[in-house]
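Worksheet: one structure, shown below.
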Protein chains: 4
Amino acid sequence: MSEEERLVEQLFAGEKLTDKQKKIILAAIESFSEKGYSATSTSEIAKKAGVAEGTIFRHYKTKKELLLSIIGPFMTKLIAPYIVKDFHKVLDQKYDHVEDFLRATMENRRNVVKRLLPVIKILLQEIPFHPELREQFLNHIAKDTFDRVTKLIKSYQEKGQIIDIPPASVARLAVTSLLGFLFSRYVLFPELEWDDEAEAERTIQFILHGLGKTE
Amino acid sequence: MSEEERLVEQLFAGEKLTDKQKKIILAAIESFSEKGYSATSTSEIAKKAGVAEGTIFRHYKTKKELLLSIIGPFMTKLIAPYIVKDFHKVLDQKYDHVEDFLRATMENRRNVVKRLLPVIKILLQEIPFHPELREQFLNHIAKDTFDRVTKLIKSYQEKGQIIDIPPASVARLAVTSLLGFLFSRYVLFPELEWDDEAEAERTIQFILHGLGKTE
Amino acid sequence: MSEEERLVEQLFAGEKLTDKQKKIILAAIESFSEKGYSATSTSEIAKKAGVAEGTIFRHYKTKKELLLSIIGPFMTKLIAPYIVKDFHKVLDQKYDHVEDFLRATMENRRNVVKRLLPVIKILLQEIPFHPELREQFLNHIAKDTFDRVTKLIKSYQEKGQIIDIPPASVARLAVTSLLGFLFSRYVLFPELEWDDEAEAERTIQFILHGLGKTE
Amino acid sequence: MSEEERLVEQLFAGEKLTDKQKKIILAAIESFSEKGYSATSTSEIAKKAGVAEGTIFRHYKTKKELLLSIIGPFMTKLIAPYIVKDFHKVLDQKYDHVEDFLRATMENRRNVVKRLLPVIKILLQEIPFHPELREQFLNHIAKDTFDRVTKLIKSYQEKGQIIDIPPASVARLAVTSLLGFLFSRYVLFPELEWDDEAEAERTIQFILHGLGKTE
DNA sequence: TATGAATGAGCGTTCATTCAT
DNA sequence: AATGAATGAACGCTCATTCAT
């Protein structure tokens with residue numbers, strides 16, 4: 001079972017997918033990620049998946065439904081849980097310091113992120129053009145986790161580890177720094193040579209200092 | 001003359017554009033920015049510009065040439081100069097501290113950025129799909145300014161104001177933080193309520209601390 | 001089944017054609033023959049065939065492929081075999097004299113030629129503009145039959161029935177005379193009144209005397 | 001003055017053509033001959049002629065008028081006179097034998113024909129699709145010269161030099177043989193190697209014998 | 001469930017032609 | 001006389017989607 005197939009298995013755990021359906025999803029992820037949603041044709045996906053054109057529409061009423069069927073589970077089953085899982089550890093006092101939390105997050109995620117990269121790319125590309133995606137995103141990621149994040153950030157703020165600004169701002173700054181790294185690394189300039197380890201560490205330190213109390 | 005017309009005037013200063021051509025560019029910027037390059041049809045642009053569809057192709061051989069004709073000048077005439085201009089002041093010792101420089105940059109640019117936002121959006125959206133755009137970007141922005149940025153960053157590093165990591169990493173962290181703010185603010189969640197002043201200041205402080213020497 | 005449908009049946013024997021495909025080919029032959037390839041639009045063919053324009057392109061990637069799909073089989077399945085068939089008879093000594101051979105050819109072909117006329121017209125019209133057509137023609141008609149023709153001509157030359165000039169020249173002179181008749185009759189001046197029988201006979205006599213030994 | 005320019009000078013002798021007009025005609029002849037009338041665009045002609053698109057339509061109301069303006073004079077000023085000129089000599093007893101006439105025709109014409117070839121090619125290509133061309137042809141060539149040709153042929157028939165078939169048939173057979181040679185040589189297979197002298201002579205002999213009295 | 005032929009609207013582009021300059 | 005910007009209809013072709021099998 002290939003790397004990508006495992007991704008699909010994970011994304012659609014619980015849903016009974018036919019063999020063809022899996023192939024369609026795999027092909028769609030690859031194409032959407034490479035050329036963007038609009039620039040990808042359904043016939044192209046069908047060809048890459050090795051199925052007839054009609055088969056796609058047996059499973060997904062429209063092309064857009066196919067897109068949402070990929071990004072929806074991605075948000076509910078992958079992003080949210082991963083964040084939440086660590087929050088538990090954190091809230092259970094597993095990580096006394098933000099640094100440990102951040103580093104753990106970065107460490108654990110590197111492989112995950114690389115695997116998820118095609119879907120992340122799709123998400124970032126299409127979110128500006130599909131209000132329903134933005135809504136889903138706010139509902140599944142933000143709302144589900146907002147309270148926990150807020151609580152977490154507040155706890156670190158109370159410990160005096162990070163500065164006293166609105167938790168939402170803290171989250172924004174941290175997340176955009178992390179995504180900024182990944183976006184530069186994998187989307188904008190994948191052809192440059194990167195010292196991944198060092199850059200990851202620098203990003204963590206940057207966030208830490210950026211959010212840390214100075215005195 | 002409207003806000004947008006001035007943008008076009010500025011982007012294409014020196015080039016003789018017919019009236020219709022200006023209208024085409026304006027319509028293209030608006031549409032590309034709203035729906036993305038691929039999802040925008042030339043007939044749509046023509047209609048919005050109030051010209052015949054054939055007129056577009058009299059001036060631009062292909063739809064892609066129209067895209068490049070917008071983003072090319074944007075990179076050469078707007079981004080690069082703006083950055084360079086302040087570098088001069090900085091290198092002329094106008095700003096003793098990074099903070100002053102960053103804040104000046106943020107202040108001055110806010111209006112500019114708001115005006116350029118549609119084009120920035122296009123650039124961010126399309127850069128992953130058009131290698132020639134990435135190349136142009138590297139050549140015009142990076143190469144033209146890389147030496148100066150490096151020199152600037154090094155001078156601040158020598159003054160002990162920012163940490164000793166590769167200048168390229170410094171640049172990446174600062175730029176993605178700035179763009180991360182703008183992207184969140186104007187692209188991802190324009191419908192949320194933002195306290196622009198405060199968030200801008202927080203972003204600056206974040207960068208400052210993130211890059212500052214700690215002891 | 002109409003005359004034309006039988007032509008298509010014959011041209012594409014062995015290939016499974018859908019109903020619509022046959023209609024497309026019939027319409028294409030008619031239109032190409034009447035107005036020329038370039039002056040015929042695909043939408044016109046679609047309308048005449050009673051299918052959607054998209055259907056044409058489901059079966060033929062391009063308009064040119066449609067053209068070649070008509071002319072290709074025409075050359076391999078119709079022209080070559082017809083010529084070859086009689087060569088057998090000739091080589092089997094069925095015709096002692098060129099005259100018999102020529103007359104048989106003319107007789108047998110009259111109906112065939114009338115049926116094939118539209119395709120012949122297309123071939124003659126388009127051959128100057130499509131090198132691949134010229135190549136196909138040389139390969140399928142010339143090469144396949146050149147040896148046989150040469151042999152045949154030589155045998156008549158040995159019998160002293162026709163003059164001793166290069167067989168290729170013999171073939172050219174005979175063929176252009178035959179085609180010259182058909183071209184004048186059916187393409188150039190179809191609206192004039194023709195005494196077909198007499199003109200056919202005159203053409204045969206002309207060739208016979210033209211190629212015959214004089215003394 | 002180039003070969004082609006002289007052709008134009010000759011075709012349009014007496015008509016005052018501007019410089020641009022000559023260039024347009026030259027470009028049109030070249031393009032029509034190479035790709036056919038329908039497949040040639042006016043913008044292409046304009047570019048090749050080095051004039052603005054509009055200039056073409058200042059001189060010729062439509063594209064078709066441009067075509068006719070080339071072929072019309074060609075028929076009235078070149079074909080007819082050339083034939084007629086020799087007829088005079090013939091009728092004045094300059095050539096006692098058909099052979100002399102034919103050979104003289106072939107000899108004199110070789111260079112002329114090579115120069116006229118592009119226009120001949122256009123004529124042959126477009127005559128099937130433009131009834132007015134066919135009509136012009138019949139009027140200018142046929143009618144103007146038909147009587148003379150008939151008279152000429154009859155005189156040779158009376159001398160017993162050629163067979164007693166309708167003069168029209170004689171003309172058809174001779175002309176198609178001549179054109180058949182030129183068409184094979186210059187249009188169908190220009191890429192083959194030809195022994196022009198020998199083939200020309202063979203063609204003459206073929207016509208002579210084909211039309212000659214046998215006993 | 002899966003197919004793939006069929007659709008017709010719409011795509012990016014080219015066309016012959018017009019007209020103000 | 002000549003230009004070239006402008007046009008809008010038509011071009012060859014692709015699209016997402018439907019449906020009989």
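Going by the structure tokens order, chains are called A, B, ..., each with residues numbered from 1, while ligands are numbered from 1 in the order shown.
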May I have a table of the residues of chain B lying at most 10 Å from chain A, giving each one's closest pair of atoms and their distance in Å to one decimal, counting only C-alpha atoms, ordered by chain and ascending residue number, as a Markdown table?
| residue | atom | partner | partner_atom | distance |
| --- | --- | --- | --- | --- |
| B:Ser33 | CA | A:Phe129 | CA | 9.5 |
| B:Glu34 | CA | A:Phe129 | CA | 7.2 |
| B:Lys35 | CA | A:Phe129 | CA | 5.9 |
| B:Gly36 | CA | A:Phe129 | CA | 7.6 |
| B:Tyr37 | CA | A:Ser38 | CA | 8.7 |
| B:Ser38 | CA | A:Ser38 | CA | 5.6 |
| B:Ala39 | CA | A:Ser38 | CA | 5.6 |
| B:Thr40 | CA | A:Ser38 | CA | 9.3 |
| B:Lys121 | CA | A:Pro128 | CA | 9.4 |
| B:Leu124 | CA | A:Gln125 | CA | 8.9 |
| B:Gln125 | CA | A:Gln125 | CA | 6.4 |
| B:Glu126 | CA | A:Gln125 | CA | 9.0 |
| B:Ile127 | CA | A:Leu188 | CA | 7.1 |
| B:Pro128 | CA | A:Leu188 | CA | 6.2 |
| B:Phe129 | CA | A:Lys35 | CA | 6.0 |
| B:His130 | CA | A:Lys35 | CA | 9.2 |
| B:Pro131 | CA | A:Leu188 | CA | 9.7 |
| B:Arg134 | CA | A:Leu188 | CA | 7.4 |
| B:Glu135 | CA | A:Phe189 | CA | 9.8 |
| B:Leu138 | CA | A:Phe189 | CA | 9.4 |
| B:Ile163 | CA | A:Phe206 | CA | 9.9 |
| B:Ile165 | CA | A:Arg202 | CA | 8.0 |
| B:Pro166 | CA | A:Glu199 | CA | 9.8 |
| B:Ser169 | CA | A:Glu199 | CA | 7.3 |
| B:Val170 | CA | A:Arg202 | CA | 9.2 |
| B:Arg172 | CA | A:Phe181 | CA | 7.9 |
| B:Leu173 | CA | A:Ser177 | CA | 7.0 |
| B:Ala174 | CA | A:Ser177 | CA | 9.1 |
| B:Val175 | CA | A:Gly180 | CA | 8.9 |
| B:Thr176 | CA | A:Gly180 | CA | 5.3 |
| B:Ser177 | CA | A:Ser177 | CA | 6.0 |
| B:Leu178 | CA | A:Thr176 | CA | 9.4 |
| B:Leu179 | CA | A:Gly180 | CA | 8.7 |
| B:Gly180 | CA | A:Thr176 | CA | 5.3 |
| B:Phe181 | CA | A:Leu173 | CA | 7.7 |
| B:Phe183 | CA | A:Thr176 | CA | 9.2 |
| B:Ser184 | CA | A:Arg172 | CA | 8.0 |
| B:Tyr186 | CA | A:Pro128 | CA | 9.9 |
| B:Val187 | CA | A:Pro128 | CA | 6.2 |
| B:Leu188 | CA | A:Pro128 | CA | 6.2 |
| B:Phe189 | CA | A:Arg134 | CA | 8.0 |
| B:Ala198 | CA | A:Ile165 | CA | 9.7 |
| B:Glu199 | CA | A:Ser169 | CA | 7.3 |
| B:Arg202 | CA | A:Ser169 | CA | 7.9 |
| B:Thr203 | CA | A:Leu173 | CA | 7.2 |
| B:Ile204 | CA | A:Gly210 | CA | 9.4 |
| B:Gln205 | CA | A:Gly210 | CA | 7.2 |
| B:Phe206 | CA | A:Gly210 | CA | 4.3 |
| B:Ile207 | CA | A:Gly210 | CA | 5.9 |
| B:Leu208 | CA | A:Gly210 | CA | 6.9 |
| B:His209 | CA | A:Gly210 | CA | 4.4 |
| B:Gly210 | CA | A:Gly210 | CA | 3.6 |
| B:Leu211 | CA | A:Phe206 | CA | 6.2 |
| B:Gly212 | CA | A:His209 | CA | 7.7 |
| B:Lys213 | CA | A:His209 | CA | 9.0 |
| B:Thr214 | CA | A:Thr214 | CA | 7.2 |
| B:Glu215 | CA | A:Thr214 | CA | 8.9 |
Any chance you could list, as a count of residues only, the residues in region 23-212 of chain A that come up helix (DSSP H, G or I) when DSSP is run on the backbone? 152
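With CA of Leu26 (chain C) on one side and CA of Arg115 (chain C) on the other, the separation reads 12.6 Å.
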Within 10 Å of chain B, which residues of chain F are there when counting only C-alpha atoms (C1' of nucleotides)? Please give them as a VMD selection string. chain F and resid 5 to 8
Selection export as a PDB file, in the first residue's frame, atoms kept: N, CA, C and O atoms (P, O5', C5', C4', C3', O3' and C1' of nucleotides):
ATOM      1  P    DA F   5      -3.067  49.070 -32.825  1.00  0.00           P
ATOM      2  O5'  DA F   5      -4.313  49.561 -31.959  1.00  0.00           O
ATOM      3  C5'  DA F   5      -4.706  50.921 -31.996  1.00  0.00           C
ATOM      4  C4'  DA F   5      -6.219  51.026 -31.847  1.00  0.00           C
ATOM      5  C3'  DA F   5      -6.838  50.054 -30.854  1.00  0.00           C
ATOM      6  O3'  DA F   5      -7.897  50.752 -30.199  1.00  0.00           O
ATOM      7  C1'  DA F   5      -7.759  49.647 -32.985  1.00  0.00           C
ATOM      8  P    DA F   6      -8.738  50.055 -29.106  1.00  0.00           P
ATOM      9  O5'  DA F   6      -9.933  49.427 -29.939  1.00  0.00           O
ATOM     10  C5'  DA F   6     -10.941  50.291 -30.456  1.00  0.00           C
ATOM     11  C4'  DA F   6     -11.968  49.455 -31.181  1.00  0.00           C
ATOM     12  C3'  DA F   6     -12.511  48.263 -30.384  1.00  0.00           C
ATOM     13  O3'  DA F   6     -13.860  48.535 -30.022  1.00  0.00           O
ATOM     14  C1'  DA F   6     -12.056  47.710 -32.659  1.00  0.00           C
ATOM     15  P    DT F   7     -14.694  47.491 -29.266  1.00  0.00           P
ATOM     16  O5'  DT F   7     -15.311  46.630 -30.434  1.00  0.00           O
ATOM     17  C5'  DT F   7     -16.180  47.261 -31.365  1.00  0.00           C
ATOM     18  C4'  DT F   7     -16.543  46.294 -32.466  1.00  0.00           C
ATOM     19  C3'  DT F   7     -17.225  45.017 -31.961  1.00  0.00           C
ATOM     20  O3'  DT F   7     -18.597  45.087 -32.280  1.00  0.00           O
ATOM     21  C1'  DT F   7     -15.626  44.567 -33.678  1.00  0.00           C
ATOM     22  P    DG F   8     -19.712  44.763 -31.234  1.00  0.00           P
ATOM     23  O5'  DG F   8     -20.196  43.366 -31.799  1.00  0.00           O
ATOM     24  C5'  DG F   8     -20.605  43.258 -33.158  1.00  0.00           C
ATOM     25  C4'  DG F   8     -20.448  41.815 -33.608  1.00  0.00           C
ATOM     26  C3'  DG F   8     -20.878  40.770 -32.567  1.00  0.00           C
ATOM     27  O3'  DG F   8     -21.267  39.604 -33.278  1.00  0.00           O
ATOM     28  C1'  DG F   8     -18.700  40.395 -33.086  1.00  0.00           C
TER      29       DG F   8
END
Provide the CA of Lys77 (chain B) to CA of Glu5 (chain B) distance in Å, to one decimal place.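 We find that CA of Lys77 (chain B) and CA of Glu5 (chain B) lie 15.8 Å from each other.
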Please, what distance in Å, to one decimal, runs between CA of Ile79 (chain B) and CA of Lys48 (chain B)?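 Between these atoms lies a distance of 27.1 Å.
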